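One structure is given below, encoded as structure tokens.
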Amino acid sequence: MKILVCISHVPDTTSKINFTNADTEFDINGVQYVINPNDEFGLTRAIWFQEQQGATVTVVNVGGPETEPTLRKALAIGANDAIRINAKPTDGFFVAKQLAEVIKNGGYDLIIAGKESLDYNGGMVPGMVAGILGYNFLNSCINITVDGSNVKAVREIDGGKETITTSLPLIIGGQKGIVEEKDLRIPNMRGIMTARTKTLNVFEPIEATVNTKAVKFEKPAPKSAIKMVSADNLDELINLLHNEAKVI
């Protein structure tokens, strides 16, 4: 089984976020980048398939040379090889077109992506890729088993879980639950050294329409001061909730 894991290069949640050029561009100065958490859960599940069923695992990213340390970390975790599509990930459709081309030419059986990335939270790319290729698609996946070309998977739905049977080739949007946080792999020294010798191929992007662009970024409004209300003064509490907070 050939598995392709899509890797997003995203800012660490502990990084301080700022914008430049009149709030139209993200300021990368001082920002630490990591593997998108949903993608890391999916990568760990792919490594399980590698260890238990002899699958080969390739990781792929759309981005410039600055994303290669993130791909190298994925290789240190256990992926066999990596692909970087040499383009700025301008919007979801553009990224989906690039990934679809890699999948079509690589003959992958199972494509694992995070259901959304931590930076933009668009949740569009896995479904778009499936639509472009006409592959089976399963989102919010929290468990998956593969027997030959037959797949049994579980996904989260409103109010519960749904078990689905389908077949390869398949694209899934994974999340926490497909493995747990305790199962995530921390690269050891041997993995880091081995990753340096693994193949990282760089492909040039295919032509694709960019349909959207970021016009301006805006930070959430700062939290206002806390107003304390005496437990005996319910009238004032109701007045504040009604006229200031406007929640009743």
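A note on labels: chains of the structure tokens are A, B, ... as shown, every chain counts residues from 1, and ligands are counted from 1 in their shown order.
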
Neighbour list for stretch 219-225 of chain A as a PyMOL selection string, cut-off 10 Å, only C-alpha atoms, skip fewer than 5 positions in-chain: chain A and resi 17-19+23

Enumerate as a ChimeraX atom specification all residues of stretch 39-212 of chain A assigned to strand (DSSP E) by DSSP on the backbone, naming them with the chain letters and numbers the document uses. /A:56-62,81-85,110-114,136-147,150-157,160-167,170-174,200-203

Can you write just those residues out, C-alpha atoms, as a PDB file, in the first residue's frame?
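Result saved to out-v5.pdb:
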```
ATOM      1  CA  THR A  56       5.389   2.965   2.113  1.00  0.00           C
ATOM      2  CA  VAL A  57       4.823   6.502   3.381  1.00  0.00           C
ATOM      3  CA  THR A  58       5.528   9.662   1.393  1.00  0.00           C
ATOM      4  CA  VAL A  59       4.952  13.147   2.795  1.00  0.00           C
ATOM      5  CA  VAL A  60       4.105  16.131   0.601  1.00  0.00           C
ATOM      6  CA  ASN A  61       3.950  19.870   1.111  1.00  0.00           C
ATOM      7  CA  VAL A  62       3.177  22.899  -1.029  1.00  0.00           C
ATOM      8  CA  ASP A  81      10.543  10.041   1.357  1.00  0.00           C
ATOM      9  CA  ALA A  82       9.215  13.552   0.827  1.00  0.00           C
ATOM     10  CA  ILE A  83       7.959  15.828  -1.928  1.00  0.00           C
ATOM     11  CA  ARG A  84       7.959  19.621  -1.873  1.00  0.00           C
ATOM     12  CA  ILE A  85       5.927  21.438  -4.510  1.00  0.00           C
ATOM     13  CA  LEU A 110      -4.434   6.118   0.637  1.00  0.00           C
ATOM     14  CA  ILE A 111      -4.060   9.875   1.003  1.00  0.00           C
ATOM     15  CA  ILE A 112      -4.127  11.197   4.555  1.00  0.00           C
ATOM     16  CA  ALA A 113      -4.565  14.918   5.167  1.00  0.00           C
ATOM     17  CA  GLY A 114      -5.571  16.829   8.250  1.00  0.00           C
ATOM     18  CA  ASN A 136     -13.680   8.345  -2.276  1.00  0.00           C
ATOM     19  CA  PHE A 137     -13.505  10.903   0.535  1.00  0.00           C
ATOM     20  CA  LEU A 138     -14.036  10.733   4.290  1.00  0.00           C
ATOM     21  CA  ASN A 139     -13.731  13.743   6.584  1.00  0.00           C
ATOM     22  CA  SER A 140     -13.282  14.048  10.373  1.00  0.00           C
ATOM     23  CA  CYS A 141     -11.801  10.544  10.455  1.00  0.00           C
ATOM     24  CA  ILE A 142     -10.954   9.172  13.925  1.00  0.00           C
ATOM     25  CA  ASN A 143     -10.201   5.530  13.074  1.00  0.00           C
ATOM     26  CA  ILE A 144      -9.272   3.560   9.977  1.00  0.00           C
ATOM     27  CA  THR A 145      -8.365  -0.042   9.121  1.00  0.00           C
ATOM     28  CA  VAL A 146      -7.379  -1.375   5.699  1.00  0.00           C
ATOM     29  CA  ASP A 147      -7.704  -4.963   4.516  1.00  0.00           C
ATOM     30  CA  ASN A 150     -11.347  -2.656   1.648  1.00  0.00           C
ATOM     31  CA  VAL A 151     -11.507   0.102   4.252  1.00  0.00           C
ATOM     32  CA  LYS A 152     -13.449   0.435   7.482  1.00  0.00           C
ATOM     33  CA  ALA A 153     -13.376   3.882   9.028  1.00  0.00           C
ATOM     34  CA  VAL A 154     -15.041   5.871  11.775  1.00  0.00           C
ATOM     35  CA  ARG A 155     -15.732   9.577  11.612  1.00  0.00           C
ATOM     36  CA  GLU A 156     -17.139  12.133  13.999  1.00  0.00           C
ATOM     37  CA  ILE A 157     -20.597  13.493  13.285  1.00  0.00           C
ATOM     38  CA  GLY A 160     -21.882  10.829  17.800  1.00  0.00           C
ATOM     39  CA  LYS A 161     -19.774   8.680  15.489  1.00  0.00           C
ATOM     40  CA  GLU A 162     -20.425   7.005  12.147  1.00  0.00           C
ATOM     41  CA  THR A 163     -18.801   3.785  10.897  1.00  0.00           C
ATOM     42  CA  ILE A 164     -18.321   3.579   7.138  1.00  0.00           C
ATOM     43  CA  THR A 165     -17.035   0.917   4.762  1.00  0.00           C
ATOM     44  CA  THR A 166     -15.441   1.999   1.507  1.00  0.00           C
ATOM     45  CA  SER A 167     -12.536   1.087  -0.774  1.00  0.00           C
ATOM     46  CA  LEU A 170      -9.347   6.943  -0.598  1.00  0.00           C
ATOM     47  CA  ILE A 171      -8.690  10.437   0.713  1.00  0.00           C
ATOM     48  CA  ILE A 172      -9.324  11.145   4.369  1.00  0.00           C
ATOM     49  CA  GLY A 173      -9.369  14.291   6.472  1.00  0.00           C
ATOM     50  CA  GLY A 174      -7.956  13.083   9.780  1.00  0.00           C
ATOM     51  CA  LEU A 200      13.300  15.002  -0.736  1.00  0.00           C
ATOM     52  CA  ASN A 201      12.114  15.686  -4.277  1.00  0.00           C
ATOM     53  CA  VAL A 202      11.240  19.223  -5.372  1.00  0.00           C
ATOM     54  CA  PHE A 203       8.573  19.547  -8.083  1.00  0.00           C
TER      55      PHE A 203
END
```

Got a sec: who's within 6 Å of stretch 95-100 of chain A, counting only C-alpha atoms, leaving out chain neighbours fewer than 6 positions off, as a PyMOL selection string? chain A and resi 89+125+128-129

Can you write out the residues you just picked, keeping all heavy atoms, as a CSV table (one decimal), in the first residue's frame?
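Okay, this is what ended up in result-v3.csv:
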```csv
chain,number,residue,atom,x,y,z
A,89,PRO,N,1.6,28.5,-1.0
A,89,PRO,CA,0.2,28.0,-1.0
A,89,PRO,C,-0.8,29.1,-0.9
A,89,PRO,O,-1.3,29.5,0.2
A,89,PRO,CB,0.3,27.2,0.3
A,89,PRO,CG,1.3,27.8,1.2
A,89,PRO,CD,2.4,28.3,0.2
A,125,VAL,N,-9.2,21.6,1.6
A,125,VAL,CA,-8.3,21.0,0.6
A,125,VAL,C,-8.6,19.5,0.4
A,125,VAL,O,-8.6,19.1,-0.7
A,125,VAL,CB,-6.8,21.2,1.0
A,125,VAL,CG1,-5.9,20.4,0.2
A,125,VAL,CG2,-6.5,22.7,0.9
A,128,MET,N,-11.6,19.0,-1.8
A,128,MET,CA,-11.3,19.5,-3.2
A,128,MET,C,-10.4,18.5,-4.0
A,128,MET,O,-10.7,18.3,-5.2
A,128,MET,CB,-10.6,20.9,-3.1
A,128,MET,CG,-11.5,22.0,-2.8
A,128,MET,SD,-10.5,23.6,-2.9
A,128,MET,CE,-11.8,24.8,-2.6
A,129,VAL,N,-9.4,18.0,-3.3
A,129,VAL,CA,-8.6,17.0,-4.0
A,129,VAL,C,-9.4,15.8,-4.4
A,129,VAL,O,-9.3,15.3,-5.6
A,129,VAL,CB,-7.4,16.5,-3.1
A,129,VAL,CG1,-6.6,15.4,-3.8
A,129,VAL,CG2,-6.5,17.7,-2.8
```

Tell me which of A:Thr24, A:Thr67, A:Lys73, A:Glu116 sits closest to A:Lys176, counting only C-alpha atoms.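 The answer is A:Glu116, which sits nearest to A:Lys176.
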
From the options A:Glu40, A:Gly30, A:Ala79, A:Ser15, which residue's atoms come nearest to A:Glu181, counting only C-alpha atoms?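 With only C-alpha atoms as the atom set, the closest residue is A:Glu40.
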
Pull the alpha helix (DSSP H) assignments for stretch 32-129 of chain A out of DSSP run on the backbone, and list those residues as JSON, numbers by chain. {"A": [37, 38, 39, 40, 41, 42, 43, 44, 45, 46, 47, 48, 49, 50, 51, 52, 53, 68, 69, 70, 71, 72, 73, 74, 75, 76, 77, 92, 93, 94, 95, 96, 97, 98, 99, 100, 101, 102, 103, 104, 105, 106, 125, 126, 127, 128, 129]}

Can I get the selected residues back with C-alpha atoms, as a short mmCIF file (atom, residue, chain, number, x, y, z; two decimals), in the first residue's frame?
```cif
data_model
loop_
_atom_site.label_atom_id
_atom_site.label_comp_id
_atom_site.auth_asym_id
_atom_site.auth_seq_id
_atom_site.Cartn_x
_atom_site.Cartn_y
_atom_site.Cartn_z
CA PRO A 37 -1.31 18.98 14.41
CA ASN A 38 -4.07 17.26 12.41
CA ASP A 39 -1.45 16.23 9.85
CA GLU A 40 0.83 14.88 12.56
CA PHE A 41 -1.95 12.63 13.84
CA GLY A 42 -2.40 11.34 10.28
CA LEU A 43 1.33 10.84 9.79
CA THR A 44 1.53 8.76 12.96
CA ARG A 45 -1.33 6.56 11.72
CA ALA A 46 0.48 6.14 8.40
CA ILE A 47 3.63 5.03 10.24
CA TRP A 48 1.50 2.40 12.00
CA PHE A 49 0.44 1.09 8.57
CA GLN A 50 4.10 1.10 7.59
CA GLU A 51 5.13 -0.94 10.64
CA GLN A 52 2.17 -3.33 10.69
CA GLN A 53 1.35 -3.80 7.00
CA GLU A 68 11.89 21.76 4.28
CA PRO A 69 12.75 21.53 8.02
CA THR A 70 9.13 20.55 8.62
CA LEU A 71 9.35 17.87 5.94
CA ARG A 72 12.66 16.65 7.40
CA LYS A 73 10.97 16.28 10.78
CA ALA A 74 8.28 14.13 9.10
CA LEU A 75 11.07 12.01 7.60
CA ALA A 76 12.69 11.72 11.03
CA ILE A 77 9.38 10.49 12.43
CA GLY A 92 -7.12 26.10 -1.04
CA PHE A 93 -7.95 25.40 -4.68
CA PHE A 94 -4.39 26.09 -5.84
CA VAL A 95 -3.01 23.72 -3.18
CA ALA A 96 -5.59 21.06 -4.05
CA LYS A 97 -4.63 21.17 -7.75
CA GLN A 98 -0.95 20.70 -6.91
CA LEU A 99 -1.65 17.78 -4.57
CA ALA A 100 -4.01 16.16 -7.07
CA GLU A 101 -1.26 16.17 -9.71
CA VAL A 102 1.18 14.46 -7.33
CA ILE A 103 -1.43 11.85 -6.37
CA LYS A 104 -2.38 11.15 -9.98
CA ASN A 105 1.22 10.64 -11.06
CA GLY A 106 2.29 8.74 -7.93
CA VAL A 125 -8.28 21.00 0.62
CA PRO A 126 -8.92 17.24 1.21
CA GLY A 127 -12.45 17.44 -0.22
CA MET A 128 -11.29 19.50 -3.20
CA VAL A 129 -8.56 16.97 -4.01
#
```

Near A:Gly107, within 10 Å and counting only C-alpha atoms, which residues show up once chain neighbours fewer than 6 positions away are dropped, as a compact mmCIF listing (two decimals) with all heavy atoms, in the first residue's frame?
```txt
# COMPACT_ATOMS: atom_id res chain seq x y z
N MET A 1 0.85 -1.19 0.00
CA MET A 1 0.00 0.00 0.00
C MET A 1 0.88 1.25 0.00
O MET A 1 1.80 1.36 0.81
CB MET A 1 -0.93 -0.02 1.22
CG MET A 1 -1.84 1.19 1.33
SD MET A 1 -3.15 1.03 2.56
CE MET A 1 -2.18 0.73 4.05
N LYS A 2 0.58 2.17 -0.90
CA LYS A 2 1.30 3.43 -0.98
C LYS A 2 0.47 4.52 -0.31
O LYS A 2 -0.68 4.76 -0.71
CB LYS A 2 1.59 3.81 -2.43
CG LYS A 2 2.58 2.89 -3.13
CD LYS A 2 2.86 3.37 -4.55
CE LYS A 2 3.60 4.70 -4.56
NZ LYS A 2 3.96 5.13 -5.92
N ILE A 3 1.05 5.17 0.68
CA ILE A 3 0.34 6.20 1.42
C ILE A 3 1.02 7.54 1.19
O ILE A 3 2.25 7.65 1.24
CB ILE A 3 0.32 5.89 2.93
CG1 ILE A 3 -0.34 4.53 3.20
CG2 ILE A 3 -0.40 7.00 3.70
CD1 ILE A 3 -0.31 4.12 4.66
N LEU A 4 0.21 8.56 0.94
CA LEU A 4 0.70 9.93 0.83
C LEU A 4 0.10 10.74 1.98
O LEU A 4 -1.12 10.76 2.15
CB LEU A 4 0.31 10.55 -0.50
CG LEU A 4 0.82 11.97 -0.75
CD1 LEU A 4 2.33 11.95 -0.97
CD2 LEU A 4 0.12 12.61 -1.94
N PRO A 169 -8.89 3.64 -4.07
CA PRO A 169 -8.17 4.75 -3.43
C PRO A 169 -9.09 5.64 -2.62
O PRO A 169 -10.26 5.82 -2.98
CB PRO A 169 -7.55 5.50 -4.61
CG PRO A 169 -8.49 5.22 -5.75
CD PRO A 169 -8.98 3.82 -5.54
```

Proximity to A:Glu66 - best of A:Lys115, A:Tyr108, A:Ala245, A:His9, only C-alpha atoms: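 Residue with the minimum atom-to-atom distance to A:Glu66: A:His9.
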